[in-house]
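The file structure31.cif comes next; it holds mmCIF, N, CA and C atoms.
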```
data_entry
#
loop_
_atom_site.label_atom_id
_atom_site.label_comp_id
_atom_site.auth_asym_id
_atom_site.auth_seq_id
_atom_site.Cartn_x
_atom_site.Cartn_y
_atom_site.Cartn_z
N MET D 1 47.90 13.74 176.79
CA MET D 1 47.65 14.53 177.97
C MET D 1 47.64 16.02 177.64
N LYS D 2 48.66 16.47 176.89
CA LYS D 2 48.74 17.88 176.53
C LYS D 2 47.55 18.28 175.66
N LEU D 3 47.10 17.37 174.78
CA LEU D 3 45.94 17.66 173.95
C LEU D 3 44.72 17.92 174.81
N ASN D 4 44.54 17.13 175.86
CA ASN D 4 43.42 17.33 176.77
C ASN D 4 43.51 18.68 177.46
N TRP D 5 44.72 19.09 177.86
CA TRP D 5 44.91 20.37 178.52
C TRP D 5 44.54 21.52 177.59
N ILE D 6 44.99 21.43 176.35
CA ILE D 6 44.69 22.48 175.37
C ILE D 6 43.18 22.52 175.12
N ALA D 7 42.57 21.37 174.96
CA ALA D 7 41.13 21.31 174.71
C ALA D 7 40.36 21.88 175.89
N LEU D 8 40.78 21.55 177.11
CA LEU D 8 40.12 22.07 178.30
C LEU D 8 40.26 23.59 178.38
N ALA D 9 41.44 24.08 178.06
CA ALA D 9 41.67 25.53 178.11
C ALA D 9 40.74 26.26 177.15
N PHE D 10 40.59 25.74 175.95
CA PHE D 10 39.73 26.41 174.99
C PHE D 10 38.26 26.25 175.32
N ALA D 11 37.88 25.13 175.90
CA ALA D 11 36.50 24.95 176.34
C ALA D 11 36.18 25.95 177.44
N THR D 12 37.14 26.19 178.33
CA THR D 12 36.96 27.16 179.41
C THR D 12 36.80 28.56 178.83
N VAL D 13 37.62 28.89 177.83
CA VAL D 13 37.52 30.20 177.19
C VAL D 13 36.13 30.39 176.59
N ILE D 14 35.67 29.41 175.85
CA ILE D 14 34.34 29.51 175.24
C ILE D 14 33.27 29.65 176.31
N GLY D 15 33.41 28.89 177.38
CA GLY D 15 32.41 28.90 178.43
C GLY D 15 32.33 30.19 179.20
N THR D 16 33.43 30.94 179.26
CA THR D 16 33.44 32.19 180.04
C THR D 16 33.32 33.44 179.18
N VAL D 17 33.22 33.27 177.88
CA VAL D 17 33.18 34.43 176.98
C VAL D 17 31.99 35.34 177.28
N ALA D 18 30.82 34.78 177.45
CA ALA D 18 29.64 35.60 177.70
C ALA D 18 29.81 36.43 178.97
N LEU D 19 30.34 35.81 179.99
CA LEU D 19 30.56 36.52 181.25
C LEU D 19 31.57 37.65 181.07
N ALA D 20 32.64 37.38 180.37
CA ALA D 20 33.70 38.38 180.18
C ALA D 20 33.21 39.57 179.36
N HIS D 21 32.26 39.37 178.48
CA HIS D 21 31.81 40.43 177.59
C HIS D 21 30.68 41.26 178.17
N GLN D 22 30.18 40.88 179.31
CA GLN D 22 29.10 41.65 179.92
C GLN D 22 29.62 43.01 180.36
N ASN D 23 28.86 44.01 180.07
CA ASN D 23 29.13 45.37 180.55
C ASN D 23 30.39 46.01 180.00
N VAL D 24 30.91 45.53 178.89
CA VAL D 24 32.06 46.18 178.26
C VAL D 24 31.58 47.49 177.66
N GLN D 25 32.20 48.58 178.06
CA GLN D 25 31.80 49.90 177.59
C GLN D 25 32.67 50.42 176.45
N ASN D 26 33.91 50.02 176.42
CA ASN D 26 34.85 50.54 175.43
C ASN D 26 34.75 49.72 174.15
N PRO D 27 34.35 50.34 173.03
CA PRO D 27 34.21 49.60 171.78
C PRO D 27 35.52 48.96 171.29
N ALA D 28 36.65 49.59 171.58
CA ALA D 28 37.93 49.02 171.16
C ALA D 28 38.21 47.72 171.92
N VAL D 29 37.90 47.71 173.20
CA VAL D 29 38.08 46.51 174.01
C VAL D 29 37.10 45.44 173.54
N GLN D 30 35.88 45.84 173.23
CA GLN D 30 34.88 44.88 172.74
C GLN D 30 35.35 44.26 171.42
N ALA D 31 35.93 45.05 170.55
CA ALA D 31 36.43 44.53 169.27
C ALA D 31 37.56 43.52 169.50
N ARG D 32 38.44 43.80 170.47
CA ARG D 32 39.50 42.85 170.79
C ARG D 32 38.92 41.55 171.34
N MET D 33 37.94 41.68 172.22
CA MET D 33 37.31 40.48 172.78
C MET D 33 36.60 39.67 171.69
N ASP D 34 35.95 40.35 170.78
CA ASP D 34 35.27 39.66 169.68
C ASP D 34 36.29 38.91 168.81
N ASN D 35 37.43 39.53 168.59
CA ASN D 35 38.50 38.90 167.81
C ASN D 35 38.99 37.62 168.48
N MET D 36 39.26 37.70 169.76
CA MET D 36 39.73 36.53 170.50
C MET D 36 38.66 35.44 170.56
N THR D 37 37.42 35.86 170.70
CA THR D 37 36.31 34.89 170.73
C THR D 37 36.19 34.17 169.40
N ALA D 38 36.36 34.90 168.31
CA ALA D 38 36.29 34.29 166.98
C ALA D 38 37.36 33.22 166.83
N MET D 39 38.57 33.50 167.32
CA MET D 39 39.62 32.50 167.24
C MET D 39 39.34 31.32 168.16
N ALA D 40 38.84 31.59 169.34
CA ALA D 40 38.52 30.50 170.28
C ALA D 40 37.45 29.59 169.70
N ARG D 41 36.49 30.15 169.01
CA ARG D 41 35.44 29.32 168.39
C ARG D 41 36.03 28.41 167.31
N GLN D 42 36.98 28.91 166.56
CA GLN D 42 37.63 28.08 165.54
C GLN D 42 38.49 27.00 166.19
N MET D 43 39.13 27.34 167.30
CA MET D 43 39.89 26.32 168.03
C MET D 43 38.96 25.24 168.57
N GLU D 44 37.78 25.63 168.96
CA GLU D 44 36.80 24.64 169.45
C GLU D 44 36.37 23.71 168.32
N VAL D 45 36.22 24.24 167.11
CA VAL D 45 35.89 23.39 165.94
C VAL D 45 36.96 22.32 165.79
N ILE D 46 38.21 22.74 165.84
CA ILE D 46 39.32 21.80 165.69
C ILE D 46 39.40 20.86 166.88
N GLY D 47 39.22 21.42 168.08
CA GLY D 47 39.34 20.63 169.29
C GLY D 47 38.31 19.53 169.40
N THR D 48 37.07 19.81 169.00
CA THR D 48 36.04 18.77 169.08
C THR D 48 36.34 17.63 168.12
N MET D 49 36.92 17.95 166.99
CA MET D 49 37.33 16.89 166.05
C MET D 49 38.50 16.10 166.61
N ALA D 50 39.47 16.79 167.19
CA ALA D 50 40.66 16.13 167.73
C ALA D 50 40.29 15.20 168.89
N ARG D 51 39.29 15.60 169.68
CA ARG D 51 38.86 14.77 170.81
C ARG D 51 37.89 13.68 170.38
N GLY D 52 37.49 13.67 169.11
CA GLY D 52 36.56 12.67 168.62
C GLY D 52 35.11 12.95 168.97
N GLU D 53 34.82 14.16 169.43
CA GLU D 53 33.45 14.52 169.77
C GLU D 53 32.61 14.80 168.53
N THR D 54 33.28 15.22 167.48
CA THR D 54 32.63 15.39 166.18
C THR D 54 33.50 14.67 165.15
N ALA D 55 32.89 14.32 164.04
CA ALA D 55 33.62 13.61 162.99
C ALA D 55 34.68 14.52 162.38
N LEU D 56 35.78 13.90 162.00
CA LEU D 56 36.83 14.64 161.33
C LEU D 56 36.31 15.15 160.00
N ASP D 57 36.45 16.45 159.80
CA ASP D 57 36.09 17.10 158.55
C ASP D 57 37.30 17.96 158.18
N ALA D 58 38.16 17.41 157.35
CA ALA D 58 39.41 18.09 157.00
C ALA D 58 39.15 19.47 156.40
N GLU D 59 38.13 19.56 155.57
CA GLU D 59 37.82 20.86 154.95
C GLU D 59 37.45 21.89 156.02
N ALA D 60 36.63 21.51 156.98
CA ALA D 60 36.23 22.43 158.05
C ALA D 60 37.42 22.78 158.94
N ALA D 61 38.27 21.80 159.22
CA ALA D 61 39.45 22.06 160.05
C ALA D 61 40.40 23.03 159.36
N ASN D 62 40.62 22.82 158.08
CA ASN D 62 41.49 23.72 157.32
C ASN D 62 40.89 25.12 157.22
N ALA D 63 39.58 25.19 157.07
CA ALA D 63 38.91 26.50 157.04
C ALA D 63 39.05 27.20 158.40
N ALA D 64 38.95 26.43 159.48
CA ALA D 64 39.10 27.01 160.82
C ALA D 64 40.51 27.59 160.99
N LEU D 65 41.51 26.86 160.53
CA LEU D 65 42.89 27.36 160.61
C LEU D 65 43.06 28.63 159.78
N ASP D 66 42.43 28.66 158.62
CA ASP D 66 42.49 29.85 157.78
C ASP D 66 41.83 31.05 158.48
N ARG D 67 40.70 30.80 159.14
CA ARG D 67 40.02 31.88 159.87
C ARG D 67 40.86 32.36 161.05
N ILE D 68 41.52 31.43 161.74
CA ILE D 68 42.39 31.83 162.85
C ILE D 68 43.51 32.73 162.32
N SER D 69 44.09 32.37 161.20
CA SER D 69 45.14 33.20 160.60
C SER D 69 44.62 34.59 160.28
N GLY D 70 43.42 34.64 159.71
CA GLY D 70 42.83 35.94 159.38
C GLY D 70 42.56 36.80 160.60
N GLU D 71 42.04 36.19 161.65
CA GLU D 71 41.78 36.94 162.89
C GLU D 71 43.10 37.35 163.54
N ALA D 72 44.10 36.47 163.51
CA ALA D 72 45.40 36.80 164.10
C ALA D 72 46.03 37.99 163.38
N ASN D 73 45.75 38.12 162.10
CA ASN D 73 46.26 39.24 161.31
C ASN D 73 45.75 40.58 161.85
N ARG D 74 44.63 40.57 162.54
CA ARG D 74 44.02 41.80 163.05
C ARG D 74 44.52 42.18 164.45
N ILE D 75 45.19 41.27 165.14
CA ILE D 75 45.53 41.49 166.54
C ILE D 75 46.36 42.76 166.76
N VAL D 76 47.42 42.94 166.00
CA VAL D 76 48.31 44.09 166.22
C VAL D 76 47.53 45.39 166.10
N ASP D 77 46.72 45.53 165.07
CA ASP D 77 45.93 46.76 164.91
C ASP D 77 44.94 46.95 166.04
N LEU D 78 44.29 45.85 166.46
CA LEU D 78 43.29 45.96 167.52
C LEU D 78 43.90 46.36 168.87
N PHE D 79 45.13 45.97 169.11
CA PHE D 79 45.77 46.23 170.40
C PHE D 79 46.73 47.41 170.37
N GLU D 80 46.89 48.04 169.23
CA GLU D 80 47.88 49.12 169.12
C GLU D 80 47.65 50.23 170.15
N ALA D 81 46.43 50.66 170.28
CA ALA D 81 46.12 51.70 171.28
C ALA D 81 45.88 51.03 172.63
N PRO D 82 46.44 51.57 173.68
CA PRO D 82 46.29 50.97 175.01
C PRO D 82 44.93 51.27 175.63
N GLU D 83 43.89 50.82 174.98
CA GLU D 83 42.52 51.02 175.45
C GLU D 83 42.26 50.15 176.67
N THR D 84 41.45 50.67 177.60
CA THR D 84 41.13 49.91 178.80
C THR D 84 39.63 49.86 179.02
N ASP D 85 39.25 48.95 179.87
CA ASP D 85 37.87 48.77 180.29
C ASP D 85 37.94 47.86 181.52
N PRO D 86 37.08 48.06 182.50
CA PRO D 86 37.13 47.18 183.68
C PRO D 86 36.98 45.70 183.34
N GLN D 87 36.35 45.38 182.23
CA GLN D 87 36.16 43.98 181.84
C GLN D 87 37.30 43.45 180.98
N SER D 88 38.24 44.30 180.62
CA SER D 88 39.34 43.87 179.76
C SER D 88 40.19 42.81 180.44
N GLU D 89 40.67 41.87 179.64
CA GLU D 89 41.56 40.83 180.14
C GLU D 89 42.99 41.07 179.66
N ALA D 90 43.24 42.23 179.09
CA ALA D 90 44.56 42.57 178.56
C ALA D 90 45.43 43.14 179.67
N ARG D 91 46.62 42.57 179.81
CA ARG D 91 47.58 43.08 180.78
C ARG D 91 48.32 44.28 180.21
N ALA D 92 48.77 45.16 181.08
CA ALA D 92 49.52 46.34 180.66
C ALA D 92 50.81 45.95 179.94
N GLY D 93 51.31 44.75 180.20
CA GLY D 93 52.53 44.28 179.55
C GLY D 93 52.45 44.26 178.04
N ILE D 94 51.23 44.20 177.51
CA ILE D 94 51.05 44.24 176.05
C ILE D 94 51.70 45.50 175.50
N TRP D 95 51.41 46.64 176.12
CA TRP D 95 51.90 47.91 175.60
C TRP D 95 53.30 48.21 176.10
N GLU D 96 53.69 47.62 177.22
CA GLU D 96 55.05 47.78 177.72
C GLU D 96 56.04 46.99 176.86
N ASN D 97 55.55 45.91 176.25
CA ASN D 97 56.38 45.04 175.40
C ASN D 97 55.69 44.83 174.06
N PHE D 98 55.24 45.91 173.46
CA PHE D 98 54.42 45.78 172.26
C PHE D 98 55.14 45.09 171.11
N GLY D 99 56.44 45.27 171.03
CA GLY D 99 57.20 44.58 169.98
C GLY D 99 57.11 43.08 170.13
N ASN D 100 57.30 42.58 171.33
CA ASN D 100 57.20 41.14 171.59
C ASN D 100 55.77 40.66 171.35
N PHE D 101 54.81 41.41 171.86
CA PHE D 101 53.41 41.04 171.67
C PHE D 101 53.08 40.97 170.19
N SER D 102 53.50 41.95 169.43
CA SER D 102 53.24 41.99 167.99
C SER D 102 53.88 40.80 167.28
N ASN D 103 55.12 40.49 167.65
CA ASN D 103 55.79 39.34 167.05
C ASN D 103 55.04 38.04 167.33
N ARG D 104 54.53 37.91 168.53
CA ARG D 104 53.80 36.69 168.87
C ARG D 104 52.48 36.61 168.12
N ALA D 105 51.83 37.74 167.92
CA ALA D 105 50.59 37.75 167.13
C ALA D 105 50.89 37.36 165.68
N MET D 106 51.97 37.90 165.14
CA MET D 106 52.34 37.56 163.77
C MET D 106 52.75 36.09 163.66
N GLU D 107 53.39 35.57 164.71
CA GLU D 107 53.75 34.16 164.73
C GLU D 107 52.50 33.28 164.66
N LEU D 108 51.48 33.64 165.43
CA LEU D 108 50.23 32.88 165.39
C LEU D 108 49.63 32.93 163.98
N GLU D 109 49.62 34.10 163.40
CA GLU D 109 49.09 34.24 162.05
C GLU D 109 49.84 33.32 161.07
N LEU D 110 51.15 33.35 161.14
CA LEU D 110 51.95 32.55 160.21
C LEU D 110 51.82 31.05 160.46
N VAL D 111 51.78 30.64 161.73
CA VAL D 111 51.61 29.23 162.04
C VAL D 111 50.28 28.73 161.52
N ALA D 112 49.22 29.46 161.79
CA ALA D 112 47.90 29.04 161.33
C ALA D 112 47.83 29.05 159.80
N MET D 113 48.44 30.05 159.17
CA MET D 113 48.46 30.12 157.72
C MET D 113 49.20 28.93 157.13
N GLU D 114 50.34 28.61 157.74
CA GLU D 114 51.15 27.48 157.28
C GLU D 114 50.39 26.16 157.40
N LEU D 115 49.60 26.02 158.46
CA LEU D 115 48.90 24.77 158.71
C LEU D 115 47.59 24.65 157.94
N ALA D 116 46.99 25.77 157.57
CA ALA D 116 45.73 25.74 156.81
C ALA D 116 45.98 25.01 155.49
N GLY D 117 45.19 24.00 155.26
CA GLY D 117 45.35 23.20 154.05
C GLY D 117 46.14 21.93 154.25
N THR D 118 46.72 21.75 155.45
CA THR D 118 47.54 20.56 155.70
C THR D 118 46.80 19.45 156.42
N VAL D 119 45.64 19.76 157.00
CA VAL D 119 44.91 18.74 157.76
C VAL D 119 44.29 17.76 156.78
N GLU D 120 44.68 16.50 156.94
CA GLU D 120 44.16 15.42 156.09
C GLU D 120 43.54 14.31 156.92
N ASP D 121 44.05 14.15 158.15
CA ASP D 121 43.60 13.06 159.01
C ASP D 121 43.73 13.51 160.46
N ARG D 122 43.40 12.61 161.38
CA ARG D 122 43.44 12.98 162.80
C ARG D 122 44.85 13.36 163.24
N SER D 123 45.85 12.68 162.75
CA SER D 123 47.23 12.97 163.14
C SER D 123 47.63 14.39 162.77
N THR D 124 47.35 14.81 161.55
CA THR D 124 47.71 16.17 161.14
C THR D 124 46.84 17.20 161.85
N LEU D 125 45.61 16.81 162.17
CA LEU D 125 44.71 17.71 162.92
C LEU D 125 45.27 17.95 164.32
N VAL D 126 45.66 16.89 165.00
CA VAL D 126 46.20 17.01 166.35
C VAL D 126 47.49 17.83 166.34
N GLN D 127 48.34 17.61 165.37
CA GLN D 127 49.57 18.40 165.26
C GLN D 127 49.25 19.88 165.09
N ALA D 128 48.28 20.19 164.25
CA ALA D 128 47.88 21.58 164.04
C ALA D 128 47.33 22.19 165.32
N LEU D 129 46.47 21.44 166.00
CA LEU D 129 45.88 21.93 167.25
C LEU D 129 46.97 22.23 168.28
N ARG D 130 47.93 21.35 168.39
CA ARG D 130 49.02 21.55 169.36
C ARG D 130 49.85 22.78 169.03
N ARG D 131 50.19 22.96 167.76
CA ARG D 131 51.03 24.11 167.39
C ARG D 131 50.31 25.43 167.58
N VAL D 132 49.07 25.50 167.12
CA VAL D 132 48.31 26.74 167.27
C VAL D 132 47.99 26.97 168.74
N GLY D 133 47.59 25.92 169.44
CA GLY D 133 47.28 26.03 170.86
C GLY D 133 48.47 26.50 171.68
N ALA D 134 49.65 26.01 171.37
CA ALA D 134 50.86 26.44 172.08
C ALA D 134 51.12 27.93 171.85
N SER D 135 50.90 28.38 170.64
CA SER D 135 51.09 29.79 170.33
C SER D 135 50.11 30.65 171.12
N CYS D 136 48.86 30.24 171.13
CA CYS D 136 47.83 30.98 171.88
C CYS D 136 48.13 30.98 173.37
N SER D 137 48.38 29.80 173.91
CA SER D 137 48.59 29.66 175.35
C SER D 137 49.81 30.44 175.83
N GLY D 138 50.88 30.40 175.06
CA GLY D 138 52.08 31.12 175.46
C GLY D 138 51.84 32.61 175.57
N CYS D 139 51.12 33.15 174.63
CA CYS D 139 50.82 34.58 174.66
C CYS D 139 49.86 34.90 175.80
N HIS D 140 48.87 34.06 176.00
CA HIS D 140 47.91 34.30 177.08
C HIS D 140 48.59 34.27 178.44
N GLU D 141 49.57 33.39 178.61
CA GLU D 141 50.29 33.32 179.89
C GLU D 141 50.94 34.66 180.22
N ASP D 142 51.48 35.31 179.22
CA ASP D 142 52.19 36.56 179.44
C ASP D 142 51.30 37.81 179.40
N TYR D 143 50.27 37.77 178.60
CA TYR D 143 49.56 39.02 178.29
C TYR D 143 48.07 39.04 178.63
N ARG D 144 47.55 37.98 179.20
CA ARG D 144 46.11 37.94 179.50
C ARG D 144 45.89 37.78 180.99
N ILE D 145 44.99 38.55 181.53
CA ILE D 145 44.60 38.44 182.92
C ILE D 145 43.73 37.21 183.05
N ASN D 146 44.05 36.34 183.98
CA ASN D 146 43.27 35.14 184.22
C ASN D 146 42.23 35.45 185.28
N ARG D 147 40.98 35.46 184.88
CA ARG D 147 39.90 35.80 185.81
C ARG D 147 39.27 34.56 186.44
N ASP D 148 39.83 33.39 186.19
CA ASP D 148 39.27 32.17 186.77
C ASP D 148 39.58 32.03 188.24
#
```

Rewritten as structure tokens:
Amino acid sequence: MKLNWIALAFATVIGTVALAHQNVQNPAVQARMDNMTAMARQMEVIGTMARGETALDAEAANAALDRISGEANRIVDLFEAPETDPQSEARAGIWENFGNFSNRAMELELVAMELAGTVEDRSTLVQALRRVGASCSGCHEDYRINRD
């Protein structure tokens, strides 16, 4: 059940990305959105395999986790300045609690890094999806404006 919720959440993110990026004027905000979109696309790679929509490809899943780790490594720098834009989905709490936000970004990086290379079968894939998804979702609950 939780796997379905995580998969649905990421499918929704992918589906609304184009709408969210329309009319973004601030390049710093656009760079943050591009970073989050890149991670969401990698989560979709993993999610489609976990749901059985695409064949399990352990090499591709491990590469996706590695890419998520790399993108997560950029989060703190991308969000350091409190840049705004009417299309931004970043809550002010990011900068009010930047230490916590930074720690959570680093946690995502480390979790994805730790899991990259461990996917061998559907069971390890689902475990990786749940751990990374929980990290993403927890941060989004606190620091992302929900425009749905």

Contact check, segment 74-133 of chain D to segment 41-57 of chain D, at most 12 Å, counting only C-alpha atoms, closest pairs as CSV:
```
residue,atom,partner,partner_atom,distance
D:Ala112,CA,D:Met43,CA,10.8
D:Ala116,CA,D:Ile46,CA,11.6
D:Gly117,CA,D:Asp57,CA,12.0
D:Val119,CA,D:Asp57,CA,9.0
D:Glu120,CA,D:Asp57,CA,8.6
D:Asp121,CA,D:Leu56,CA,7.3
D:Arg122,CA,D:Ala50,CA,6.5
D:Ser123,CA,D:Ala50,CA,8.6
D:Thr124,CA,D:Ala50,CA,9.7
D:Leu125,CA,D:Ala50,CA,6.5
D:Val126,CA,D:Ala50,CA,5.8
D:Gln127,CA,D:Ala50,CA,9.5
D:Ala128,CA,D:Ile46,CA,8.7
D:Leu129,CA,D:Ile46,CA,6.7
D:Arg130,CA,D:Gly47,CA,9.7
D:Arg131,CA,D:Met43,CA,11.4
D:Val132,CA,D:Met43,CA,8.5
D:Gly133,CA,D:Met43,CA,7.9
```

Could you please determine the separation between atom CA of Glu71 of chain D and atom N of Pro27 of chain D in Å, to one decimal place? 18.4 Å

As a ChimeraX atom specification, please: the residues near Asn35 of chain D (cut-off 10 Å, only C-alpha atoms, same-chain neighbours under 5 positions excluded). /D:29-30,40,68,70-72,74-75,78

Any chance you could list, as a VMD selection string, the residues in chain D that come up helix (DSSP H, G or I) when DSSP is run on the backbone? chain D and resid 2 to 21 27 to 50 58 to 72 75 to 79 93 to 96 98 to 115 122 to 143

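Of the listed residues D:Ala61, D:Met33, D:Val24, D:Ala38, the one whose atoms come nearest to Leu115 of chain D is D:Ala61, with distances taken using only C-alpha atoms.
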
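Proximity ranking of D:Met113, D:Ala105, D:Leu65, D:Met36 relative to Ser135 of chain D places D:Ala105 first, based on only N, CA and C atoms.
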
Determine the residue membership of the PyMOL selection byres ((chain D and resi 87-93) around 6.5) for the file above and supply it as a ChimeraX atom specification. /D:20,23-24,29,84-86,94-98,143-146

Next, write the just-selected residues to a file, as a short mmCIF file (atom, residue, chain, number, x, y, z; two decimals), in the coordinates of the input, keeping N, CA and C atoms as the atom set.
```cif
data_model
loop_
_atom_site.label_atom_id
_atom_site.label_comp_id
_atom_site.auth_asym_id
_atom_site.auth_seq_id
_atom_site.Cartn_x
_atom_site.Cartn_y
_atom_site.Cartn_z
N ALA D 20 32.64 37.38 180.37
CA ALA D 20 33.70 38.38 180.18
C ALA D 20 33.21 39.57 179.36
N ASN D 23 28.86 44.01 180.07
CA ASN D 23 29.13 45.37 180.55
C ASN D 23 30.39 46.01 180.00
N VAL D 24 30.91 45.53 178.89
CA VAL D 24 32.06 46.18 178.26
C VAL D 24 31.58 47.49 177.66
N VAL D 29 37.90 47.71 173.20
CA VAL D 29 38.08 46.51 174.01
C VAL D 29 37.10 45.44 173.54
N THR D 84 41.45 50.67 177.60
CA THR D 84 41.13 49.91 178.80
C THR D 84 39.63 49.86 179.02
N ASP D 85 39.25 48.95 179.87
CA ASP D 85 37.87 48.77 180.29
C ASP D 85 37.94 47.86 181.52
N PRO D 86 37.08 48.06 182.50
CA PRO D 86 37.13 47.18 183.68
C PRO D 86 36.98 45.70 183.34
N ILE D 94 51.23 44.20 177.51
CA ILE D 94 51.05 44.24 176.05
C ILE D 94 51.70 45.50 175.50
N TRP D 95 51.41 46.64 176.12
CA TRP D 95 51.90 47.91 175.60
C TRP D 95 53.30 48.21 176.10
N GLU D 96 53.69 47.62 177.22
CA GLU D 96 55.05 47.78 177.72
C GLU D 96 56.04 46.99 176.86
N ASN D 97 55.55 45.91 176.25
CA ASN D 97 56.38 45.04 175.40
C ASN D 97 55.69 44.83 174.06
N PHE D 98 55.24 45.91 173.46
CA PHE D 98 54.42 45.78 172.26
C PHE D 98 55.14 45.09 171.11
N TYR D 143 50.27 37.77 178.60
CA TYR D 143 49.56 39.02 178.29
C TYR D 143 48.07 39.04 178.63
N ARG D 144 47.55 37.98 179.20
CA ARG D 144 46.11 37.94 179.50
C ARG D 144 45.89 37.78 180.99
N ILE D 145 44.99 38.55 181.53
CA ILE D 145 44.60 38.44 182.92
C ILE D 145 43.73 37.21 183.05
N ASN D 146 44.05 36.34 183.98
CA ASN D 146 43.27 35.14 184.22
C ASN D 146 42.23 35.45 185.28
#
```

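Between atom CA of Glu109 of chain D and atom CA of Ser69 of chain D there is a distance of 4.3 Å.
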
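Between atom CA of Gln22 of chain D and atom CA of Asp34 of chain D the separation is 12.1 Å.
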
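Closest approach to Leu108 of chain D among D:Val76, D:Ala31, D:Ala60, D:Cys136: D:Cys136, based on all atoms listed in the file.
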
Pull segment 128-143 of chain D out of the block and emit C-alpha atoms, as a CSV table (one decimal), in the first residue's frame.
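Writing the result to selection_39.csv gives the following:
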```csv
chain,number,residue,atom,x,y,z
D,128,ALA,CA,15.4,1.4,-2.0
D,129,LEU,CA,12.3,3.1,-3.3
D,130,ARG,CA,10.7,3.2,0.1
D,131,ARG,CA,13.8,4.6,1.8
D,132,VAL,CA,14.5,7.3,-0.7
D,133,GLY,CA,10.8,8.1,-1.1
D,134,ALA,CA,10.4,8.5,2.6
D,135,SER,CA,13.3,10.9,2.7
D,136,CYS,CA,11.8,13.0,-0.2
D,137,SER,CA,8.3,12.9,1.1
D,138,GLY,CA,9.2,13.9,4.6
D,139,CYS,CA,11.1,17.0,3.4
D,140,HIS,CA,8.4,17.9,1.0
D,141,GLU,CA,5.8,17.8,3.8
D,142,ASP,CA,7.7,20.4,5.7
D,143,TYR,CA,9.3,22.6,3.0
```
